[in-house]
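Trainee: Data: data.cif, mmCIF, C-alpha atoms.
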data_final
#
loop_
_atom_site.label_atom_id
_atom_site.label_comp_id
_atom_site.auth_asym_id
_atom_site.auth_seq_id
_atom_site.Cartn_x
_atom_site.Cartn_y
_atom_site.Cartn_z
CA MET A 1 7.86 -14.49 1.26
CA THR A 2 10.82 -12.58 2.59
CA ALA A 3 10.40 -11.91 6.29
CA PRO A 4 9.60 -8.25 7.07
CA LEU A 5 11.82 -6.08 9.22
CA THR A 6 10.91 -6.25 12.88
CA ASP A 7 12.95 -3.19 13.80
CA TRP A 8 15.25 -0.67 12.17
CA LEU A 9 18.47 -2.53 13.00
CA THR A 10 20.84 -0.55 10.77
CA MET A 11 20.47 1.44 7.59
CA ALA A 12 22.80 -1.08 5.97
CA HIS A 13 20.17 -3.75 6.71
CA PHE A 14 17.49 -1.59 5.13
CA SER A 15 19.69 -1.01 2.07
CA THR A 16 20.29 -4.74 1.75
CA LEU A 17 16.54 -5.39 1.80
CA ALA A 18 16.00 -2.66 -0.79
CA ILE A 19 18.36 -4.52 -3.13
CA HIS A 20 17.70 -8.17 -2.34
CA ALA A 21 14.34 -8.67 -0.58
CA GLY A 22 11.85 -10.83 -2.45
CA TYR A 23 14.37 -12.41 -4.80
CA ASP A 24 16.75 -15.35 -4.46
CA SER A 25 19.38 -15.51 -7.20
CA ALA A 26 20.03 -19.14 -6.21
CA ASP A 27 16.54 -20.02 -7.47
CA CYS A 28 17.29 -22.08 -10.56
CA THR A 29 13.87 -21.28 -12.07
CA ASN A 30 15.31 -17.85 -12.91
CA GLY A 31 18.51 -19.30 -14.33
CA ASN A 32 20.44 -18.00 -11.30
CA ALA A 33 20.17 -14.46 -12.68
CA ALA A 34 21.92 -11.96 -10.40
CA VAL A 35 19.00 -9.52 -10.69
CA PRO A 36 15.30 -10.28 -11.19
CA PRO A 37 14.50 -11.00 -14.85
CA ILE A 38 11.82 -8.90 -16.53
CA TYR A 39 9.06 -11.31 -17.52
CA LEU A 40 7.13 -10.14 -20.56
CA SER A 41 5.01 -13.30 -20.79
CA ALA A 42 1.26 -12.77 -20.94
CA ALA A 43 0.48 -16.34 -19.87
CA PHE A 44 2.21 -19.16 -17.99
CA ASP A 45 2.02 -22.94 -18.24
CA MET A 46 -0.43 -24.15 -15.62
CA GLN A 47 0.83 -27.74 -15.99
CA SER A 48 -2.58 -29.36 -15.53
CA ALA A 49 -6.25 -28.56 -15.17
CA ALA A 50 -6.05 -29.42 -11.48
CA HIS A 51 -3.13 -27.06 -10.90
CA GLY A 52 -4.84 -24.33 -12.90
CA ASP A 53 -7.94 -24.74 -10.75
CA ALA A 54 -5.81 -24.50 -7.59
CA LEU A 55 -4.13 -21.33 -8.89
CA SER A 56 -7.50 -19.75 -9.65
CA ALA A 57 -8.77 -20.63 -6.19
CA GLY A 58 -5.68 -19.23 -4.48
CA ALA A 59 -4.89 -22.66 -3.07
CA ALA A 60 -1.53 -22.89 -4.84
CA GLU A 61 1.27 -20.43 -5.46
CA GLY A 62 2.31 -19.69 -9.00
CA PHE A 63 1.37 -17.72 -12.09
CA SER A 64 -1.23 -18.16 -14.79
CA TYR A 65 -1.79 -14.78 -16.44
CA SER A 66 0.22 -11.58 -16.04
CA ARG A 67 -2.88 -9.45 -15.57
CA MET A 68 -3.31 -11.19 -12.21
CA ALA A 69 0.29 -11.91 -11.19
CA ASN A 70 3.73 -11.84 -12.74
CA PRO A 71 7.12 -13.04 -11.39
CA THR A 72 8.73 -9.62 -11.89
CA LEU A 73 5.91 -7.78 -10.09
CA ASP A 74 5.97 -10.46 -7.40
CA VAL A 75 9.54 -9.46 -6.52
CA LEU A 76 8.52 -5.80 -6.34
CA GLU A 77 5.57 -6.60 -4.10
CA ARG A 78 7.60 -8.79 -1.74
CA ARG A 79 10.36 -6.21 -1.57
CA ILE A 80 8.09 -3.29 -0.69
CA ALA A 81 6.23 -5.42 1.86
CA ALA A 82 9.57 -6.23 3.49
CA LEU A 83 10.65 -2.59 3.52
CA GLU A 84 7.35 -1.42 5.01
CA GLY A 85 7.12 -4.29 7.49
CA GLY A 86 3.86 -5.44 5.92
CA ARG A 87 2.66 -8.98 5.47
CA SER A 88 2.09 -8.59 1.73
CA ALA A 89 1.78 -5.95 -0.98
CA VAL A 90 -0.09 -5.41 -4.23
CA ALA A 91 1.30 -3.46 -7.20
CA PHE A 92 -0.92 -1.37 -9.46
CA ALA A 93 -0.32 0.64 -12.63
CA SER A 94 -0.67 3.97 -10.82
CA GLY A 95 -0.90 5.48 -7.39
CA MET A 96 -4.51 6.51 -7.88
CA ALA A 97 -5.42 2.94 -8.86
CA ALA A 98 -3.96 1.82 -5.56
CA VAL A 99 -5.69 4.49 -3.49
CA SER A 100 -8.99 3.70 -5.21
CA ALA A 101 -8.60 -0.04 -4.62
CA ALA A 102 -7.82 0.46 -0.94
CA LEU A 103 -10.73 2.82 -0.28
CA LEU A 104 -13.28 1.04 -2.47
CA CYS A 105 -12.46 -2.22 -0.72
CA ALA A 106 -12.63 -0.67 2.74
CA ALA A 107 -16.03 0.87 1.95
CA GLU A 108 -17.36 -1.91 -0.25
CA GLY A 109 -21.14 -1.65 -0.49
CA GLY A 110 -21.16 1.99 0.60
CA GLY A 111 -20.27 3.98 3.66
CA ARG A 112 -18.18 6.93 4.74
CA ILE A 113 -14.44 7.66 4.80
CA ILE A 114 -12.85 10.20 7.13
CA ALA A 115 -10.01 11.84 5.22
CA ALA A 116 -7.46 14.60 5.62
CA ARG A 117 -8.15 17.59 3.40
CA ASN A 118 -4.38 17.94 2.76
CA LEU A 119 -4.13 14.64 0.88
CA TYR A 120 -2.75 14.53 -2.66
CA GLY A 121 -5.11 16.52 -4.89
CA ALA A 122 -6.13 13.64 -7.13
CA SER A 123 -7.15 11.62 -4.06
CA VAL A 124 -9.32 14.49 -2.85
CA ASP A 125 -10.88 14.84 -6.31
CA ALA A 126 -11.69 11.12 -6.42
CA MET A 127 -13.35 11.22 -3.01
CA ASP A 128 -15.25 14.35 -3.99
CA SER A 129 -16.53 13.27 -7.39
CA LEU A 130 -15.88 9.59 -8.13
CA PHE A 131 -16.53 7.62 -4.95
CA PRO A 132 -20.06 9.01 -4.38
CA GLU A 133 -21.01 7.15 -7.57
CA PHE A 134 -20.28 3.97 -5.58
CA GLY A 135 -22.21 5.07 -2.51
CA ILE A 136 -19.08 6.21 -0.67
CA GLU A 137 -19.09 9.68 0.89
CA THR A 138 -16.13 11.43 2.52
CA ASP A 139 -15.96 13.52 5.68
CA PHE A 140 -12.96 15.81 5.11
CA VAL A 141 -11.02 17.15 8.07
CA ASP A 142 -8.88 20.28 7.77
CA ASP A 143 -6.66 19.16 10.67
CA ILE A 144 -6.35 15.38 10.74
CA ASN A 145 -4.50 15.67 14.07
CA ASP A 146 -7.60 17.13 15.73
CA LEU A 147 -8.37 13.76 17.25
CA ALA A 148 -11.52 14.88 19.06
CA LEU A 149 -13.00 16.08 15.77
CA VAL A 150 -11.96 12.92 13.92
CA GLU A 151 -13.49 10.72 16.59
CA SER A 152 -16.70 12.76 16.63
CA LEU A 153 -17.17 12.03 12.91
CA ILE A 154 -17.00 8.26 13.33
CA GLY A 155 -20.42 6.72 12.93
CA PRO A 156 -21.90 3.28 12.29
CA ASP A 157 -21.28 3.65 8.54
CA THR A 158 -17.66 4.90 8.81
CA ARG A 159 -15.40 2.43 7.06
CA ALA A 160 -11.87 3.88 7.35
CA ILE A 161 -9.64 6.86 8.18
CA PHE A 162 -7.33 7.98 5.36
CA ALA A 163 -4.39 10.37 5.76
CA GLY A 164 -0.93 11.09 4.45
CA SER A 165 2.02 10.46 6.75
CA VAL A 166 3.60 13.61 5.29
CA ALA A 167 1.17 15.60 3.14
CA ASN A 168 1.93 16.37 -0.48
CA PRO A 169 2.74 19.21 -1.06
CA SER A 170 2.16 20.97 2.28
CA THR A 171 4.47 18.58 4.26
CA GLU A 172 2.10 18.56 7.25
CA VAL A 173 2.79 15.50 9.39
CA ALA A 174 0.02 13.20 10.61
CA ASP A 175 0.09 11.70 14.11
CA VAL A 176 -0.18 8.13 12.84
CA ALA A 177 0.00 6.43 16.24
CA ALA A 178 -2.79 8.58 17.68
CA LEU A 179 -4.97 8.14 14.57
CA ALA A 180 -4.43 4.37 14.70
CA SER A 181 -5.55 4.34 18.32
CA VAL A 182 -8.75 6.23 17.45
CA ALA A 183 -9.46 4.03 14.43
CA HIS A 184 -8.92 0.75 16.25
CA ARG A 185 -11.01 1.87 19.20
CA HIS A 186 -13.92 1.94 16.75
CA GLY A 187 -12.94 -1.17 14.79
CA ILE A 188 -12.03 0.57 11.53
CA PRO A 189 -8.73 0.55 9.60
CA LEU A 190 -6.26 3.40 9.23
CA ILE A 191 -4.98 3.81 5.66
CA ILE A 192 -1.82 5.90 5.23
CA ASP A 193 -0.33 7.36 2.07
CA ASN A 194 3.43 7.09 2.70
CA THR A 195 4.59 8.39 -0.69
CA VAL A 196 6.60 11.38 0.56
CA PRO A 197 8.84 9.85 3.27
CA THR A 198 8.87 6.24 1.96
CA PRO A 199 9.76 3.40 4.37
CA TYR A 200 13.38 4.60 4.36
CA LEU A 201 12.35 7.51 6.61
CA PHE A 202 9.06 6.37 8.11
CA ARG A 203 7.19 3.08 8.57
CA PRO A 204 3.51 3.71 9.45
CA ILE A 205 2.74 0.04 10.14
CA GLU A 206 5.07 0.15 13.14
CA LEU A 207 2.84 2.87 14.62
CA GLY A 208 -0.42 1.03 13.98
CA ALA A 209 -1.42 1.79 10.38
CA ASP A 210 -3.32 -1.08 8.75
CA VAL A 211 -2.73 -0.32 5.07
CA VAL A 212 0.08 1.74 3.53
CA VAL A 213 -0.04 3.06 -0.02
CA HIS A 214 2.65 4.57 -2.23
CA SER A 215 2.77 6.22 -5.62
CA THR A 216 6.21 5.36 -6.94
CA THR A 217 5.45 7.74 -9.82
CA ASN A 218 5.48 10.69 -7.43
CA SER A 219 8.19 9.54 -5.05
CA LYS A 220 11.69 10.89 -5.69
CA TRP A 221 13.05 8.34 -3.25
CA MET A 222 11.23 5.19 -4.40
CA ALA A 223 11.81 5.51 -8.14
CA ALA A 224 12.45 9.16 -9.08
CA VAL A 225 9.67 11.37 -10.41
CA SER A 226 8.81 10.79 -14.09
CA ARG A 227 11.32 7.96 -14.42
CA SER A 228 9.05 5.06 -13.55
CA ARG A 229 5.39 4.45 -12.98
CA GLY A 230 3.67 2.35 -10.41
CA PHE A 231 2.21 1.93 -7.00
CA SER A 232 2.34 -0.45 -4.11
CA MET A 233 0.13 -1.16 -1.18
CA ALA A 234 1.49 -2.95 1.89
CA PRO A 235 -1.23 -4.11 4.27
CA THR A 236 -0.51 -5.51 7.71
CA CYS A 237 -2.58 -8.58 6.89
CA SER A 238 -4.61 -9.71 3.91
CA PRO A 239 -4.90 -7.04 1.18
CA MET A 240 -6.86 -3.94 2.13
CA CYS A 241 -8.34 -5.19 5.38
CA ARG A 242 -7.51 -5.59 9.05
CA THR A 243 -8.32 -8.57 11.23
#
Would you write the structure of this file as structure tokens?
Mentor:
Amino acid sequence: MTAPLTDWLTMAHFSTLAIHAGYDSADCTNGNAAVPPIYLSAAFDMQSAAHGDALSAGAAEGFSYSRMANPTLDVLERRIAALEGGRSAVAFASGMAAVSAALLCAAEGGGRIIAARNLYGASVDAMDSLFPEFGIETDFVDDINDLALVESLIGPDTRAIFAGSVANPSTEVADVAALASVAHRHGIPLIIDNTVPTPYLFRPIELGADVVVHSTTNSKWMAAVSRSRGFSMAPTCSPMCRT
């Protein structure tokens, strides 16, 4: 995997990563294509039963079925992880799929999420009406930067804090470093929606966030609104959890 940025260095460095991270045109398996090929294959040759078993177990790198992994998406995931400074990333079909995956994993088996009330409306709707069906309740906070209030809501069944780095559409800014300090003091992850600023302007992981989510559908800077669809999640460690 392409090594993540360790500091800002220069904007030229960031731009180079945005174009080249996660892909090596010298890799002969892609025919030395100058840009990543778009793989439309549904399935890939697993070479042998033993190799297929290793792929299924996660013991070997490679591809078996595009529903699980695809070389084109792999480039996207590696590139966004590099831009965010994350260890890895996972691409989904939509931003809400990504948000749901992050929160459902964090609160697997039930529990509570502390969330900013100014989050993207669909996220609030999901926490209000969908997640309770899975035993996950949400404690909404009108001011996510009221750290005393946030900390007072943390209980034994609190599984994560969820906020937007810059709220959509109110543009309120979350104090990510302070929220990370509160979350980690209680052993829970901080999940940040970084759709509005993107890693070009802000990198939450550098201030202590554990998982970063984007909706590239909604981001003018990541892919232009209405021109492409997708989502990425860049965790600091293994997907959707913090060690």
Trainee: At most 9 Å from (-19.7, 5.1, -3.6), file frame, only C-alpha atoms: which residues, as number ranges by chain?
Mentor: A: 104, 107-112, 127, 130-137
Trainee: In Å, rounded to a single decimal, give me how far CA of Arg87 (chain A) is from CA of Gly164 (chain A).
Mentor: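 Those two atoms sit 20.4 Å apart.
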Trainee: To test your reading of the syntax: which residues would the PyMOL selection byres ((chain A and resi 83) around 7) return for the file shown? Reply as a list in words.
Mentor: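 This file, filtered by the PyMOL selection byres ((chain A and resi 83) around 7), leaves Pro4, Leu5, Leu17, Ala18, Arg79, Ile80, Ala81, Ala82, Glu84, Gly85 and Pro199 of chain A.
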Trainee: Closest to Ser165 (chain A) among A:Ala183, A:Val141, A:Ala33, A:Leu119, using all atoms listed in the file?
Mentor: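 Smallest separation from Ser165 (chain A) among the options: A:Leu119.
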Trainee: For the structure shown, which residues end up in the PyMOL selection byres ((chain A and resi 139) around 6)? Put them as a list in words, please?
Mentor: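 Given this file, the PyMOL selection byres ((chain A and resi 139) around 6) evaluates to Ile114, Thr138 and Phe140 of chain A.
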Trainee: Please report the interatomic distance between CA of Asn168 (chain A) and CA of Asn118 (chain A) in Å with one decimal.
Mentor: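 These atoms are spaced 7.3 Å apart.
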Trainee: Would you compute the distance between CA of Asn145 (chain A) and CA of Ile191 (chain A)? Give it in Å to one decimal.
Mentor: 14.5 Å
Trainee: Give me the residues near His186 (chain A) as a list in words, where near means some atom within 12 Å (using all atoms listed in the file) and where sequence neighbours in that chain fewer than 2 positions away do not count.
Mentor: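 Answer for this query is Val150, Glu151, Ser152, Leu153, Ile154, Gly155, Pro156, Asp157, Thr158, Arg159, Ala160, Ile161, Leu179, Ala180, Ser181, Val182, Ala183, His184, Ile188, Pro189 and Leu190 of chain A.
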Trainee: Using the selection just defined, write its residues with C-alpha atoms as a JSON list (two decimals), keeping the file's coordinate frame.
Mentor:
[["chain", "number", "residue", "atom", "x", "y", "z"],
["A", 150, "VAL", "CA", -11.96, 12.92, 13.92],
["A", 151, "GLU", "CA", -13.49, 10.72, 16.59],
["A", 152, "SER", "CA", -16.70, 12.76, 16.63],
["A", 153, "LEU", "CA", -17.17, 12.03, 12.91],
["A", 154, "ILE", "CA", -17.00, 8.26, 13.33],
["A", 155, "GLY", "CA", -20.42, 6.72, 12.93],
["A", 156, "PRO", "CA", -21.90, 3.28, 12.29],
["A", 157, "ASP", "CA", -21.28, 3.65, 8.54],
["A", 158, "THR", "CA", -17.66, 4.90, 8.81],
["A", 159, "ARG", "CA", -15.40, 2.43, 7.06],
["A", 160, "ALA", "CA", -11.87, 3.88, 7.35],
["A", 161, "ILE", "CA", -9.64, 6.86, 8.18],
["A", 179, "LEU", "CA", -4.97, 8.14, 14.57],
["A", 180, "ALA", "CA", -4.43, 4.37, 14.70],
["A", 181, "SER", "CA", -5.55, 4.34, 18.32],
["A", 182, "VAL", "CA", -8.75, 6.23, 17.45],
["A", 183, "ALA", "CA", -9.46, 4.03, 14.43],
["A", 184, "HIS", "CA", -8.92, 0.75, 16.25],
["A", 188, "ILE", "CA", -12.03, 0.57, 11.53],
["A", 189, "PRO", "CA", -8.73, 0.55, 9.60],
["A", 190, "LEU", "CA", -6.26, 3.40, 9.23]]
Trainee: Given the PyMOL selection byres ((chain A and resi 194) around 12) and the file above, list the residues it selects as a ChimeraX atom specification.
Mentor: /A:80,84,95,99,119-120,162-168,171,173-174,176,191-193,195-205,209,211-216,218-219,221-222,231-234
Trainee: Do a neighbour search on region 73-76 of chain A at 8 Å with only C-alpha atoms, toss out local chain neighbours closer than 4 positions, and write the hits as a list in words.
Mentor: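 In the requested format, the answer is Ala21, Gly22, Tyr23, Pro36, Ala69, Ile80 and Ala91 of chain A.
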Trainee: Would you please work out which residue, of A:Leu149, A:Met68, A:Met96, A:Ile19, is nearest to Ala42 (chain A) when using all atoms listed in the file?
Mentor: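 The closest residue to Ala42 (chain A) is A:Met68.
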Trainee: Could you give me, as a list in words, the residues within 10 Å of Met46 (chain A), counting only C-alpha atoms and dropping anything in the same chain fewer than 2 positions from it?
Mentor: Ala43, Phe44, Ser48, Ala49, Ala50, His51, Gly52, Asp53, Ala54, Leu55, Gly62, Phe63, Ser64 and Tyr65 of chain A
